[in-house]
$ cat structure30.txt   # compact mmCIF, C-alpha atoms
# COMPACT_ATOMS: atom_id res chain seq x y z
CA MET A 1 -18.54 -27.30 -6.00
CA ARG A 2 -19.45 -28.01 -2.40
CA LYS A 3 -21.33 -25.23 -0.66
CA TRP A 4 -21.17 -23.78 2.80
CA LYS A 5 -21.91 -20.40 4.31
CA THR A 6 -19.83 -17.45 3.19
CA ASP A 7 -17.09 -16.28 5.51
CA TRP A 8 -18.53 -12.79 5.99
CA GLY A 9 -15.75 -11.82 8.39
CA LEU A 10 -13.13 -12.43 5.71
CA GLN A 11 -15.26 -10.78 3.02
CA SER A 12 -15.89 -7.68 5.13
CA ARG A 13 -12.18 -7.32 5.95
CA MET A 14 -11.31 -7.47 2.25
CA LEU A 15 -13.98 -4.89 1.38
CA PHE A 16 -12.88 -2.58 4.18
CA THR A 17 -9.25 -2.80 3.05
CA MET A 18 -10.28 -1.97 -0.53
CA PHE A 19 -12.34 0.97 0.75
CA LEU A 20 -9.33 2.34 2.66
CA LEU A 21 -7.21 1.90 -0.46
CA PHE A 22 -9.83 3.81 -2.47
CA LEU A 23 -9.72 6.71 0.05
CA VAL A 24 -5.91 6.85 -0.11
CA TYR A 25 -5.97 6.95 -3.92
CA MET A 26 -8.70 9.61 -4.03
CA PHE A 27 -6.62 11.77 -1.69
CA PHE A 28 -3.60 11.24 -3.91
CA LEU A 29 -5.44 12.24 -7.09
CA VAL A 30 -6.90 15.37 -5.44
CA PHE A 31 -3.46 16.31 -4.16
CA LEU A 32 -1.94 15.91 -7.62
CA SER A 33 -4.60 18.14 -9.17
CA PHE A 34 -3.87 20.86 -6.59
CA GLN A 35 -0.15 20.51 -7.29
CA GLY A 36 -0.78 21.34 -10.91
CA VAL A 37 0.22 18.00 -12.40
CA GLY A 38 -1.02 18.01 -15.98
CA MET A 39 -3.97 15.63 -16.21
CA ASN A 40 -3.36 14.92 -19.92
CA VAL A 41 0.14 13.68 -19.15
CA MET A 42 -1.16 11.66 -16.21
CA LEU A 43 -3.94 10.03 -18.23
CA ILE A 44 -1.59 9.03 -21.05
CA PHE A 45 0.92 7.64 -18.56
CA ILE A 46 -1.72 5.78 -16.56
CA ALA A 47 -3.47 4.35 -19.65
CA GLY A 48 -0.19 3.15 -21.17
CA PHE A 49 1.11 1.62 -17.97
CA MET A 50 -2.20 -0.06 -17.17
CA PHE A 51 -2.38 -1.52 -20.67
CA LEU A 52 1.06 -3.08 -20.30
CA GLN A 53 0.42 -4.31 -16.76
CA PHE A 54 -3.01 -5.73 -17.55
CA PHE A 55 -2.30 -7.39 -20.89
CA MET A 56 1.38 -8.30 -20.60
CA SER A 57 1.86 -9.25 -16.94
CA ASP A 58 1.10 -12.95 -17.48
CA LYS A 59 3.64 -13.20 -20.30
CA LEU A 60 6.23 -11.36 -18.22
CA VAL A 61 5.60 -13.66 -15.25
CA LEU A 62 6.04 -16.81 -17.33
CA TRP A 63 9.12 -15.38 -19.04
CA SER A 64 10.74 -14.33 -15.75
CA MET A 65 10.18 -17.80 -14.28
CA LYS A 66 11.26 -19.57 -17.50
CA ALA A 67 8.00 -21.48 -17.30
CA LYS A 68 7.27 -23.88 -20.15
CA ILE A 69 3.69 -24.50 -21.30
CA VAL A 70 3.33 -28.29 -21.41
CA SER A 71 0.97 -30.42 -23.47
CA GLU A 72 -1.11 -33.37 -22.30
CA SER A 73 1.36 -35.76 -23.88
CA GLU A 74 4.21 -34.20 -21.91
CA GLU A 75 2.45 -34.12 -18.51
CA PRO A 76 -0.66 -36.33 -18.76
CA LYS A 77 -1.20 -36.76 -15.00
CA LEU A 78 -0.86 -33.05 -14.31
CA HIS A 79 -3.32 -32.20 -17.09
CA GLU A 80 -5.78 -34.85 -15.90
CA THR A 81 -5.71 -33.39 -12.39
CA VAL A 82 -6.24 -29.82 -13.59
CA THR A 83 -9.07 -30.92 -15.91
CA ARG A 84 -10.89 -32.73 -13.09
CA LEU A 85 -10.50 -29.85 -10.63
CA CYS A 86 -11.72 -27.35 -13.24
CA ALA A 87 -14.84 -29.46 -13.78
CA ILE A 88 -15.56 -29.36 -10.05
CA ALA A 89 -14.82 -25.62 -9.82
CA ASP A 90 -16.84 -24.82 -12.98
CA LEU A 91 -13.86 -23.19 -14.67
CA PRO A 92 -12.48 -23.29 -18.20
CA LYS A 93 -9.28 -25.28 -18.24
CA PRO A 94 -6.23 -22.99 -18.07
CA LYS A 95 -2.92 -23.60 -19.77
CA VAL A 96 -0.55 -25.71 -17.71
CA ALA A 97 3.11 -24.82 -17.25
CA VAL A 98 6.11 -26.38 -15.52
CA VAL A 99 9.10 -24.53 -14.08
CA HIS A 100 12.37 -26.42 -13.68
CA SER A 101 13.30 -25.30 -10.18
CA SER A 102 14.18 -27.02 -6.93
CA VAL A 103 11.98 -24.53 -5.06
CA PRO A 104 8.69 -26.32 -4.24
CA ASN A 105 6.02 -23.87 -5.33
CA ALA A 106 3.11 -23.11 -7.64
CA PHE A 107 1.41 -20.02 -9.03
CA ALA A 108 -1.39 -18.84 -11.31
CA THR A 109 -1.40 -15.88 -13.65
CA GLY A 110 -3.67 -14.38 -16.29
CA ARG A 111 -6.14 -11.50 -16.31
CA SER A 112 -9.24 -13.71 -16.56
CA PRO A 113 -10.24 -17.40 -16.25
CA SER A 114 -10.15 -17.79 -20.04
CA LYS A 115 -6.59 -16.41 -20.21
CA ALA A 116 -5.19 -18.16 -17.15
CA VAL A 117 -2.06 -20.25 -16.72
CA VAL A 118 -1.42 -22.54 -13.75
CA ALA A 119 2.22 -23.41 -13.16
CA VAL A 120 4.03 -25.79 -10.84
CA THR A 121 7.72 -26.30 -10.22
CA THR A 122 9.45 -29.63 -10.61
CA GLY A 123 10.40 -29.24 -6.95
CA ILE A 124 6.78 -29.26 -5.78
CA MET A 125 5.89 -32.25 -7.96
CA GLN A 126 8.73 -34.20 -6.37
CA THR A 127 7.85 -33.05 -2.84
CA LEU A 128 4.09 -33.57 -2.55
CA ASN A 129 1.95 -36.65 -2.95
CA GLN A 130 -0.97 -36.62 -5.40
CA SER A 131 -3.60 -35.48 -2.87
CA GLU A 132 -1.42 -32.61 -1.64
CA LEU A 133 -0.59 -31.53 -5.19
CA GLU A 134 -4.30 -31.53 -6.03
CA ALA A 135 -4.95 -29.26 -3.04
CA VAL A 136 -2.23 -26.84 -4.18
CA LEU A 137 -3.62 -26.80 -7.72
CA ALA A 138 -7.11 -26.19 -6.31
CA HIS A 139 -5.68 -23.21 -4.37
CA GLU A 140 -4.27 -21.75 -7.59
CA LEU A 141 -7.52 -22.39 -9.46
CA SER A 142 -9.34 -20.52 -6.67
CA HIS A 143 -7.14 -17.53 -7.42
CA VAL A 144 -8.20 -17.84 -11.06
CA LYS A 145 -11.89 -18.15 -10.19
CA ASN A 146 -11.69 -15.15 -7.84
CA ARG A 147 -9.85 -13.15 -10.53
CA ASP A 148 -7.19 -12.34 -7.96
CA VAL A 149 -4.53 -11.47 -10.52
CA MET A 150 -6.81 -8.81 -12.03
CA VAL A 151 -7.93 -7.52 -8.61
CA MET A 152 -4.37 -7.18 -7.30
CA THR A 153 -3.20 -5.59 -10.56
CA ILE A 154 -5.90 -2.92 -10.34
CA ALA A 155 -5.39 -2.47 -6.59
CA SER A 156 -1.64 -1.96 -6.98
CA PHE A 157 -1.85 0.28 -10.03
CA LEU A 158 -1.97 3.73 -8.43
CA SER A 159 0.58 2.62 -5.87
CA THR A 160 2.93 1.96 -8.78
CA VAL A 161 1.98 5.31 -10.31
CA ALA A 162 2.86 7.02 -7.01
CA PHE A 163 6.24 5.31 -7.06
CA PHE A 164 6.97 6.46 -10.62
CA LEU A 165 5.66 9.97 -10.01
CA VAL A 166 7.93 10.48 -7.05
CA ARG A 167 10.88 9.56 -9.25
CA TYR A 168 9.94 11.19 -12.54
CA LEU A 169 6.82 13.28 -13.19
CA LEU A 170 6.82 15.36 -10.04
CA PHE A 171 10.59 15.76 -10.09
CA PHE A 172 10.61 17.17 -13.60
CA GLY A 173 7.45 19.20 -12.96
CA GLY A 174 3.84 18.70 -14.01
CA GLY A 175 2.96 22.37 -13.52
CA SER A 176 4.48 25.69 -12.60
CA ARG A 177 4.03 25.24 -8.86
CA ASN A 178 6.02 22.00 -8.95
CA ARG A 179 9.11 23.99 -9.88
CA GLU A 180 9.11 25.67 -6.47
CA SER A 181 11.23 23.82 -3.93
CA GLY A 182 8.40 23.73 -1.40
CA GLY A 183 6.04 22.21 -3.93
CA ILE A 184 8.58 19.60 -4.96
CA MET A 185 9.25 18.60 -1.36
CA ALA A 186 5.53 18.37 -0.58
CA ALA A 187 4.94 16.28 -3.72
CA TRP A 188 7.78 13.93 -2.84
CA PHE A 189 6.60 13.54 0.74
CA VAL A 190 2.95 12.86 -0.17
CA SER A 191 3.86 10.49 -3.01
CA ILE A 192 6.16 8.47 -0.76
CA LEU A 193 3.53 8.45 2.00
CA VAL A 194 0.82 7.28 -0.42
CA TRP A 195 3.13 4.60 -1.80
CA ILE A 196 3.97 3.22 1.67
CA ILE A 197 0.37 3.29 2.98
CA SER A 198 -1.05 1.79 -0.20
CA LEU A 199 1.66 -0.89 -0.21
CA MET A 200 0.69 -1.89 3.33
CA LEU A 201 -3.01 -2.02 2.39
CA ILE A 202 -2.28 -4.00 -0.78
CA ARG A 203 -0.22 -6.53 1.17
CA THR A 204 -3.08 -6.79 3.70
CA LEU A 205 -5.53 -7.42 0.86
CA SER A 206 -3.14 -10.01 -0.60
CA ARG A 207 -3.06 -11.89 2.73
CA TYR A 208 -6.86 -11.94 2.91
CA ARG A 209 -7.05 -13.27 -0.66
CA GLU A 210 -4.67 -16.08 0.27
CA PHE A 211 -7.06 -17.09 3.05
CA SER A 212 -9.88 -16.94 0.49
CA ALA A 213 -7.96 -19.14 -1.97
CA ASP A 214 -7.21 -21.64 0.81
CA ARG A 215 -10.93 -21.75 1.56
CA GLY A 216 -11.69 -22.21 -2.13
CA ALA A 217 -9.23 -25.09 -2.38
CA ALA A 218 -10.90 -26.80 0.57
CA LEU A 219 -14.27 -26.22 -1.08
CA ILE A 220 -13.12 -27.76 -4.38
CA THR A 221 -11.38 -30.81 -2.92
CA GLY A 222 -13.47 -31.29 0.22
CA THR A 223 -10.28 -32.08 2.17
CA PRO A 224 -8.72 -29.03 3.88
CA SER A 225 -6.24 -31.34 5.62
CA HIS A 226 -4.50 -32.10 2.31
CA LEU A 227 -3.72 -28.42 1.72
CA ALA A 228 -2.61 -28.06 5.35
CA SER A 229 -0.26 -31.01 4.86
CA ALA A 230 1.09 -29.48 1.63
CA LEU A 231 1.73 -26.12 3.33
CA MET A 232 3.59 -27.84 6.16
CA LYS A 233 5.76 -29.83 3.74
CA ILE A 234 6.62 -26.83 1.57
CA SER A 235 7.40 -24.55 4.51
CA GLY A 236 9.50 -27.29 6.09
CA ILE A 237 11.58 -27.80 2.96
CA MET A 238 11.99 -24.11 2.05
CA PRO A 239 14.78 -23.39 4.61
CA ARG A 240 16.81 -26.25 3.13
CA ILE A 241 16.68 -24.89 -0.43
CA PRO A 242 19.99 -23.26 -1.52
CA LYS A 243 19.78 -19.48 -1.11
CA ASP A 244 20.91 -18.93 -4.69
CA ASP A 245 17.88 -20.90 -5.92
CA LEU A 246 15.57 -18.88 -3.66
CA ARG A 247 16.97 -15.56 -4.85
CA LYS A 248 16.28 -16.48 -8.46
CA VAL A 249 12.52 -16.67 -7.80
CA GLU A 250 12.05 -14.14 -4.97
CA GLY A 251 10.49 -11.63 -7.35
CA MET A 252 7.53 -13.99 -7.76
CA ASN A 253 6.68 -14.26 -4.05
CA ALA A 254 3.37 -12.43 -4.41
CA PHE A 255 2.23 -15.15 -6.85
CA PHE A 256 3.54 -18.20 -4.99
CA ILE A 257 1.47 -20.34 -2.63
CA ILE A 258 4.26 -19.84 -0.04
CA PRO A 259 6.89 -17.08 -0.39
CA ALA A 260 10.42 -18.19 -1.23
CA LEU A 261 12.54 -16.10 1.13
CA SER A 262 16.33 -16.11 1.20
CA GLY A 263 16.37 -14.02 4.39
CA SER A 264 14.90 -14.91 7.77
CA SER A 265 11.49 -13.28 7.30
CA LEU A 266 9.64 -10.17 6.25
CA MET A 267 7.81 -7.83 8.56
CA SER A 268 4.22 -9.05 8.83
CA LEU A 269 2.84 -5.69 7.66
CA PHE A 270 4.68 -6.03 4.34
CA SER A 271 4.23 -9.78 3.85
CA THR A 272 2.19 -10.89 0.84
CA HIS A 273 1.02 -14.04 2.66
CA PRO A 274 -0.35 -14.92 6.10
CA SER A 275 1.87 -17.11 8.25
CA VAL A 276 1.67 -20.85 7.56
CA GLU A 277 0.50 -21.35 11.17
CA LYS A 278 -2.50 -19.03 10.67
CA ARG A 279 -3.39 -20.66 7.36
CA ILE A 280 -3.27 -24.15 8.87
CA ALA A 281 -5.42 -23.01 11.81
CA ALA A 282 -8.01 -21.63 9.37
CA LEU A 283 -7.96 -24.89 7.40
CA GLU A 284 -8.48 -26.88 10.61
CA ASN A 285 -11.56 -24.77 11.31
CA LEU A 286 -12.78 -25.48 7.77
CA GLU A 287 -12.31 -29.20 8.36
CA LYS A 288 -14.62 -28.97 11.38
CA GLU A 289 -17.10 -26.92 9.33
CA LEU A 290 -17.21 -29.59 6.61
CA GLU A 291 -17.83 -32.33 9.17
CA ARG A 292 -21.02 -30.70 10.44
$ encode --input "structure30.txt" --output "structure tokens"
Amino acid sequence: MRKWKTDWGLQSRMLFTMFLLFLVYMFFLVFLSFQGVGMNVMLIFIAGFMFLQFFMSDKLVLWSMKAKIVSESEEPKLHETVTRLCAIADLPKPKVAVVHSSVPNAFATGRSPSKAVVAVTTGIMQTLNQSELEAVLAHELSHVKNRDVMVMTIASFLSTVAFFLVRYLLFFGGGSRNRESGGIMAAWFVSILVWIISLMLIRTLSRYREFSADRGAALITGTPSHLASALMKISGIMPRIPKDDLRKVEGMNAFFIIPALSGSSLMSLFSTHPSVEKRIAALENLEKELER
């Protein structure tokens, strides 16, 4: 891999966001203990849910997208590209999957580099040229190398717990005080507040990790302009994709290189990705950095 100085600004913003998320979760756990929520019940629930999310999420993602793992004989050029990029990135080769969809996109899943899958849609293979497709694949491999799927799974875990608790555990009562109306209302309010704040922080962290994966793709390929060109093409085509096709894959937006939105846009605070304009501007700065 090519080397250049670390983007400490980006790294520090990610670390600060994770620290804020840690503080929110610690507050939530302390609050639950004061509310009398049984810790044994919580631990069993958390352990079971985390096991499913950590070990089954990749299979669920592939199943939901109807992604097909393809062999080298089925997609020789795609496999050759992934193999070459993995050699540059010093990564074990992941499984390669193809999704039959008109939506031009790509994603990576898997809890570790050795368990990863990189998938592309037929739409993106028809839309991009070889250099642009390589840049997109390098972006997804950067997610694998950075273990972003694992990081985001862990980061979002207690947020998901808060969501379930507000609907189930606290409603039915984890302790005697929860049966009082005041305690129930306080538990609902705090759980909802924790869920909203943590969701905002998780989406912020997700946007920073997209910038990091863009930087990694530029580092692997040495040509940030190819990824910038791919982002422009994909974002330009997305509005012309039938809304029914977009709705079928909207649940995967957090994984995609560019969200597939059937509406006009999401509020920036709740977006999983930075704007294409900001990503292209960052890639242009990387281009100048590589030229030095």
$ atom_distance --input "structure30.txt" --atom1 "CA of Lys68 (chain A)" --atom2 "CA of Ser101 (chain A)"
11.7 Å
$ atom_distance --input "structure30.txt" --atom1 "CA of Phe256 (chain A)" --atom2 "CA of Phe107 (chain A)"
4.9 Å
$ atom_distance --input "structure30.txt" --atom1 "CA of Ile197 (chain A)" --atom2 "CA of Val249 (chain A)"
25.7 Å
$ residues_around --input "structure30.txt" --residues "region 213-218 of chain A" --least-positions-apart "3" --cutoff "9 Å" --atoms "only C-alpha atoms" --output "VMD selection string"
chain A and resid 89 134 to 143 146 208 to 210 221 to 227 279 282 to 283 286 to 287
$ residues_around --input "structure30.txt" --residues "region 228-230 of chain A" --least-positions-apart "5" --cutoff "9 Å" --atoms "all atoms listed in the file" --output "compact mmCIF listing (two decimals) with C-alpha atoms, in the coordinates of the input"
# COMPACT_ATOMS: atom_id res chain seq x y z
CA THR A 127 7.85 -33.05 -2.84
CA LEU A 128 4.09 -33.57 -2.55
CA ASN A 129 1.95 -36.65 -2.95
CA SER A 131 -3.60 -35.48 -2.87
CA GLU A 132 -1.42 -32.61 -1.64
CA LEU A 133 -0.59 -31.53 -5.19
CA ALA A 135 -4.95 -29.26 -3.04
CA VAL A 136 -2.23 -26.84 -4.18
CA SER A 235 7.40 -24.55 4.51
CA VAL A 276 1.67 -20.85 7.56
CA ARG A 279 -3.39 -20.66 7.36
CA ILE A 280 -3.27 -24.15 8.87
CA ALA A 281 -5.42 -23.01 11.81
CA LEU A 283 -7.96 -24.89 7.40
CA GLU A 284 -8.48 -26.88 10.61
$ residues_around --input "structure30.txt" --residues "Ile69 (chain A)" --least-positions-apart "4" --cutoff "12 Å" --atoms "all atoms listed in the file" --output "NGL selection string"
:A and (59 or 62-63 or 65 or 73-75 or 78-79 or 94-100 or 116-121)
$ closest_residue --input "structure30.txt" --among "A:Ile234, A:Ile154, A:Leu91, A:Ile192" --to "Arg111 (chain A)" --atoms "all atoms listed in the file"
A:Ile154
$ closest_residue --input "structure30.txt" --among "A:Leu231, A:Ile237, A:Leu290, A:Leu52" --to "Ser102 (chain A)" --atoms "all atoms listed in the file"
A:Ile237
$ closest_residue --input "structure30.txt" --among "A:Thr272, A:Thr83, A:Gly110, A:Leu193" --to "Leu60 (chain A)" --atoms "all atoms listed in the file"
A:Gly110
